[in-house]
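Let me begin by presenting the structure, written as structure tokens, before commenting on it.
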Amino acid sequence: MRRWQGRTNEPLMWALFGGGGMLAVFTMPVLIIAFGLLVPFGGFGGADGTYERMHALLTHPLVSLLVFLALGLVLWHCCHRTFHALHDLKLHPPEIVRSAIYGIAMLTPAIGYSLSLAA
Amino acid sequence: MSTSTGARQEPTGAGRTGARSPGRMPAAETHRRPYRPTTKRTWFLANREYRAYALREVSSVVVGFFVFNLVVGLVCLHRGLESWQWWVSLQTNPLNLTLTVLAVVMSLVHATTWFQATPKIIRIQRGTRYVADFWVVAQHYLLLAVFAAVVYFWLGGL
Amino acid sequence: MTESSHGHPGAGASAADGVQPVGATAEQPEPRPRRDGAAAGPEAGGTITLQVLRYRPDREDAPYLQDFEVPWRTETSVLDALTWVKDNLEPSLTFRWSCRMAICGSCGFMLNGEPKLGCESFVRDYAPGPLRIEPLANHAVERDLVVDLEPFMASLRAVQPYVISDDRHPVPEPGNRQTPEQMVAYGQYSQCINCMLCYAACPQVGLATDFLGPAAVTLAVRYNKDSRDHGADSRLPILDNEGGIWPCTFVGACSTVCPKGVDPAAAIQQAKGATAQAWAAEFILPHRGEGR
């Protein structure tokens with residue numbers, strides 16, 4: 001891999017950001033309305049109905065892994081924009097803050113998946 | 001770019017650093033004393049376009065908070081029916097509901113601004129012209145509708 | 001309207017609407033419907049207060065606004081108004097201009113906080129005023145409305161804005177020809193007149209002082225998309241750089257203010273995509289691009 005002064009890992013960060021964004025815009029409005037509003041108020045058979053429908057498929061280790069990865073990618077997208085918003089606010093945080101923000105996007109699905117496997 | 005009237009420009013010795021820091025000019029005498037305005041921290045409130053940009057960026061932060069919520073829900077689903085019932089009832093908590101309503105609005109802001117921007121990245125050339133922006137945007141709305149339909153039928157309808 | 005037989009290919013912008021056929025008598029056409037400034041009738045006019053930013057480095061430490069009362073008519077451009085001030089009120093007022101027809105790119109100013117070309121902005125659209133005229137934002141001010149061009153020129157130079165050929169792609173006989181399709185691939189991005197309005201509109205130019213900026217990145221993309229060019233690999237280190245394309249957060253203001261419809265925002269996002277692809281290609285093939 002060629003190296004030059006000022007080369008960053010931004011191509012990778014940006015590509016993941018773009019992928020997460022693409023995923024977010026197709027899925028998040030639907031998921032938020034379905035699971036944030038409809039299911040809690042009795043839509044789709046409420047808690048019992050959805051449990052019956054979703055449990056078998058979503059608790060399969062492989063399916064579960066893919067779903068957590070997808071959620072992580074969306075979270076990456078959000079964290080990327082949060083980090084750049086700091087620059088917009090003329091804050092120039094040290095590297096550790098950058099690592100922490102992107103770390104949230106990696107740790108959250110990782111912890112979620114581990115807890116799910118343990119359940 | 002040609003200059004007609006204008007301040008007499010001394011040769012600067014070229015290079016960005018030279019031009020940006022008049023303190024380190026070459027030895028030749030210069031009367032240049034450029035004034036450097038600074039960007040205010042609140043620049044993003046200055047006009048409509050900047051405010052729309054700020055809203056777009058904030059919208060993804062709100063969407064991010066809902067992703068946390070979904071991760072918790074998915075873990076609860078793994079832990080069993082009782083746990084899942086607890087998570088679903090948690091959604092009716094006023095605090096959680098406030099986040100949800102905000103998230104619905106923000107996710108729509110997020111999605112529509114994204115769709116609007118896609119023709120700038122996806123340019124499909126057909127001969128000597130480009131596919132109209134409308135079709136690129138429409139395709140994205142179609143995919144959103146497809147995902148909504150998949151979720152709807154998978155969950156067995158309302 | 002002219003018939004096509006009257007038009008000749010070189011007529012350019014002047015052959016727009018309302019051109020009389022060659023040899024037609026000097027019968028005045030009906031007043032054309034105005035594209036903007038509809039409030040001002042055909043006989044509109046009056047006086048307006050211009051609030052012009054003054055900065056004289058030999059006298060003051062900071063800029064200030066100076067008011068000028070200026071007469072105007074329907075066809076008075078902002079550049080005309082400034083020229084009137086210079087001719088009649090304040091000979092030392094300093095600003096750049098050249099062609100007066102939106103092609104030289106010299107007379108960019110902030111008009112009421114918005115980057116515009118002075119020659120194609122009309123006083124009637126700002127009546128009754130006042131109209132605030134300031135130098136382009138995000139630039140060092142040398143004097144009055146004149147900004148320092150050197151950082152911008154350095155950015156243009158940095159992106160190698162010329163067709164680069166290499167040994168593996170010698171110029172073919174009988175010359176470097178292109179199909180219309182190949183020209184369309186970069187045509188829009190070649191319309192830039194270097195007026196720097198996009199730099200004044202872009203908040204990231206003001207925030208990240210080493211950002212190449214919209215026009216320079218667009219110029220790089222213009223050559224990268226040119227079928228005759230093989231310089232994308234040597235431009236990559238300039239684009240894929242902390243101060244290259246990455247300060248851009250796609251605010252989009254550069255495209256909004258562009259007087260030539262170049263759409264720098266699109267060019268930069270496409271450059272990001274291409275750079276990500278190049279990064280992936282080098283990740284998979286570690287020696288790709290070496291030895292150039």
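Every chain in the structure tokens has a letter given in the order shown (A, B, ...), and although residue numbers restart at 1 in each chain, ligands are simply numbered from 1 in the order shown.
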Exercise for the section: Mind checking which residues fall within 9 Å of Asn112 in chain C, counting only C-alpha atoms, ignoring those fewer than 6 positions away in the same chain, and posting them as a list in words? Expected result: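 Selected residues are Tyr126, Pro130, Leu131, Arg132, Ile133 and Glu134 of chain C.
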Problem - Spatial neighbours of Thr8 in chain A, 10 Å, only C-alpha atoms, chain gap at least 3 places, as number ranges by chain - result: A: 3-5, 11-13; C: 240-243, 246
Handout entry: Contact residues (chain A, partner chain B, 6 Å, only C-alpha atoms) as a list in words
Key =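 Listing them in order of chain and number gives Val25, Phe26, Pro29, Val30, Gly36, Pro40, Gly43, Phe44, Ala47, Thr59, Leu75, Cys78, Leu89, Ser116 and Ala119 of chain A.
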Practice task
Pull out every residue of chain C that has at least one atom within 8 Å of chain B, counting only C-alpha atoms, and report them as a ChimeraX atom specification.
Solution key: /C:57-58,61-63,94-98,104-106,137-143,146,148,150-151,154,180-181,184-185,194-195,203,206-207,251,253,265-267,269-270
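What separates CA of Gly72 in chain A from CA of Pro109 in chain A is a distance of 5.4 Å.
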Problem - At most 12 Å to chain C: residues in chain A, only C-alpha atoms, as a ChimeraX atom specification - result: /A:1-19,80-92
With N, CA and C atoms retained, export the selected residues as a compact mmCIF listing (two decimals), in the first residue's frame.
# COMPACT_ATOMS: atom_id res chain seq x y z
N MET A 1 0.83 -1.19 0.00
CA MET A 1 0.00 0.00 0.00
C MET A 1 0.87 1.25 0.00
N ARG A 2 0.55 2.18 -0.90
CA ARG A 2 1.38 3.38 -0.97
C ARG A 2 1.15 4.26 0.26
N ARG A 3 2.20 4.90 0.67
CA ARG A 3 2.09 5.83 1.81
C ARG A 3 2.51 7.21 1.34
N TRP A 4 1.85 8.19 1.87
CA TRP A 4 2.29 9.57 1.62
C TRP A 4 1.86 10.43 2.79
N GLN A 5 2.51 11.55 2.90
CA GLN A 5 2.21 12.44 4.03
C GLN A 5 0.76 12.91 3.94
N GLY A 6 0.04 12.74 5.03
CA GLY A 6 -1.33 13.21 5.05
C GLY A 6 -2.33 12.15 4.64
N ARG A 7 -1.86 10.93 4.25
CA ARG A 7 -2.82 9.89 3.90
C ARG A 7 -3.55 9.46 5.17
N THR A 8 -4.84 9.27 5.06
CA THR A 8 -5.64 8.93 6.23
C THR A 8 -6.36 7.61 5.99
N ASN A 9 -7.04 7.12 7.03
CA ASN A 9 -7.89 5.94 6.82
C ASN A 9 -9.32 6.38 6.48
N GLU A 10 -9.45 7.65 6.13
CA GLU A 10 -10.77 8.21 5.87
C GLU A 10 -11.53 7.48 4.74
N PRO A 11 -10.83 6.96 3.68
CA PRO A 11 -11.59 6.22 2.66
C PRO A 11 -12.40 5.08 3.26
N LEU A 12 -11.79 4.35 4.22
CA LEU A 12 -12.49 3.23 4.86
C LEU A 12 -13.63 3.75 5.74
N MET A 13 -13.31 4.78 6.56
CA MET A 13 -14.33 5.34 7.44
C MET A 13 -15.52 5.85 6.63
N TRP A 14 -15.19 6.51 5.52
CA TRP A 14 -16.24 7.11 4.70
C TRP A 14 -17.08 6.03 4.00
N ALA A 15 -16.40 4.98 3.52
CA ALA A 15 -17.12 3.91 2.83
C ALA A 15 -18.11 3.23 3.79
N LEU A 16 -17.67 2.98 5.03
CA LEU A 16 -18.57 2.39 6.03
C LEU A 16 -19.70 3.35 6.36
N PHE A 17 -19.37 4.64 6.44
CA PHE A 17 -20.38 5.67 6.68
C PHE A 17 -21.45 5.64 5.58
N GLY A 18 -20.97 5.57 4.34
CA GLY A 18 -21.90 5.57 3.20
C GLY A 18 -22.78 4.32 3.21
N GLY A 19 -22.15 3.17 3.49
CA GLY A 19 -22.91 1.92 3.55
C GLY A 19 -23.95 1.96 4.64
N HIS A 80 -20.07 8.60 12.77
CA HIS A 80 -19.23 9.33 11.82
C HIS A 80 -19.70 10.78 11.72
N ARG A 81 -21.01 10.95 11.60
CA ARG A 81 -21.53 12.31 11.49
C ARG A 81 -21.37 13.06 12.81
N THR A 82 -21.52 12.35 13.92
CA THR A 82 -21.34 12.99 15.22
C THR A 82 -19.91 13.52 15.34
N PHE A 83 -18.95 12.70 14.93
CA PHE A 83 -17.56 13.11 15.03
C PHE A 83 -17.29 14.34 14.15
N HIS A 84 -17.83 14.32 12.94
CA HIS A 84 -17.60 15.47 12.06
C HIS A 84 -18.35 16.72 12.55
N ALA A 85 -19.44 16.51 13.26
CA ALA A 85 -20.17 17.65 13.83
C ALA A 85 -19.30 18.37 14.85
N LEU A 86 -18.44 17.63 15.55
CA LEU A 86 -17.54 18.27 16.51
C LEU A 86 -16.62 19.26 15.79
N HIS A 87 -16.15 18.85 14.60
CA HIS A 87 -15.32 19.77 13.81
C HIS A 87 -16.11 21.00 13.39
N ASP A 88 -17.37 20.77 13.01
CA ASP A 88 -18.21 21.89 12.60
C ASP A 88 -18.39 22.88 13.74
N LEU A 89 -18.35 22.38 14.97
CA LEU A 89 -18.50 23.25 16.14
C LEU A 89 -17.15 23.84 16.56
N LYS A 90 -16.16 23.69 15.70
CA LYS A 90 -14.81 24.20 15.94
C LYS A 90 -14.14 23.55 17.14
N LEU A 91 -14.62 22.35 17.51
CA LEU A 91 -13.93 21.58 18.54
C LEU A 91 -12.97 20.67 17.79
N HIS A 92 -11.77 20.57 18.25
CA HIS A 92 -10.83 19.68 17.59
C HIS A 92 -10.36 18.66 18.60
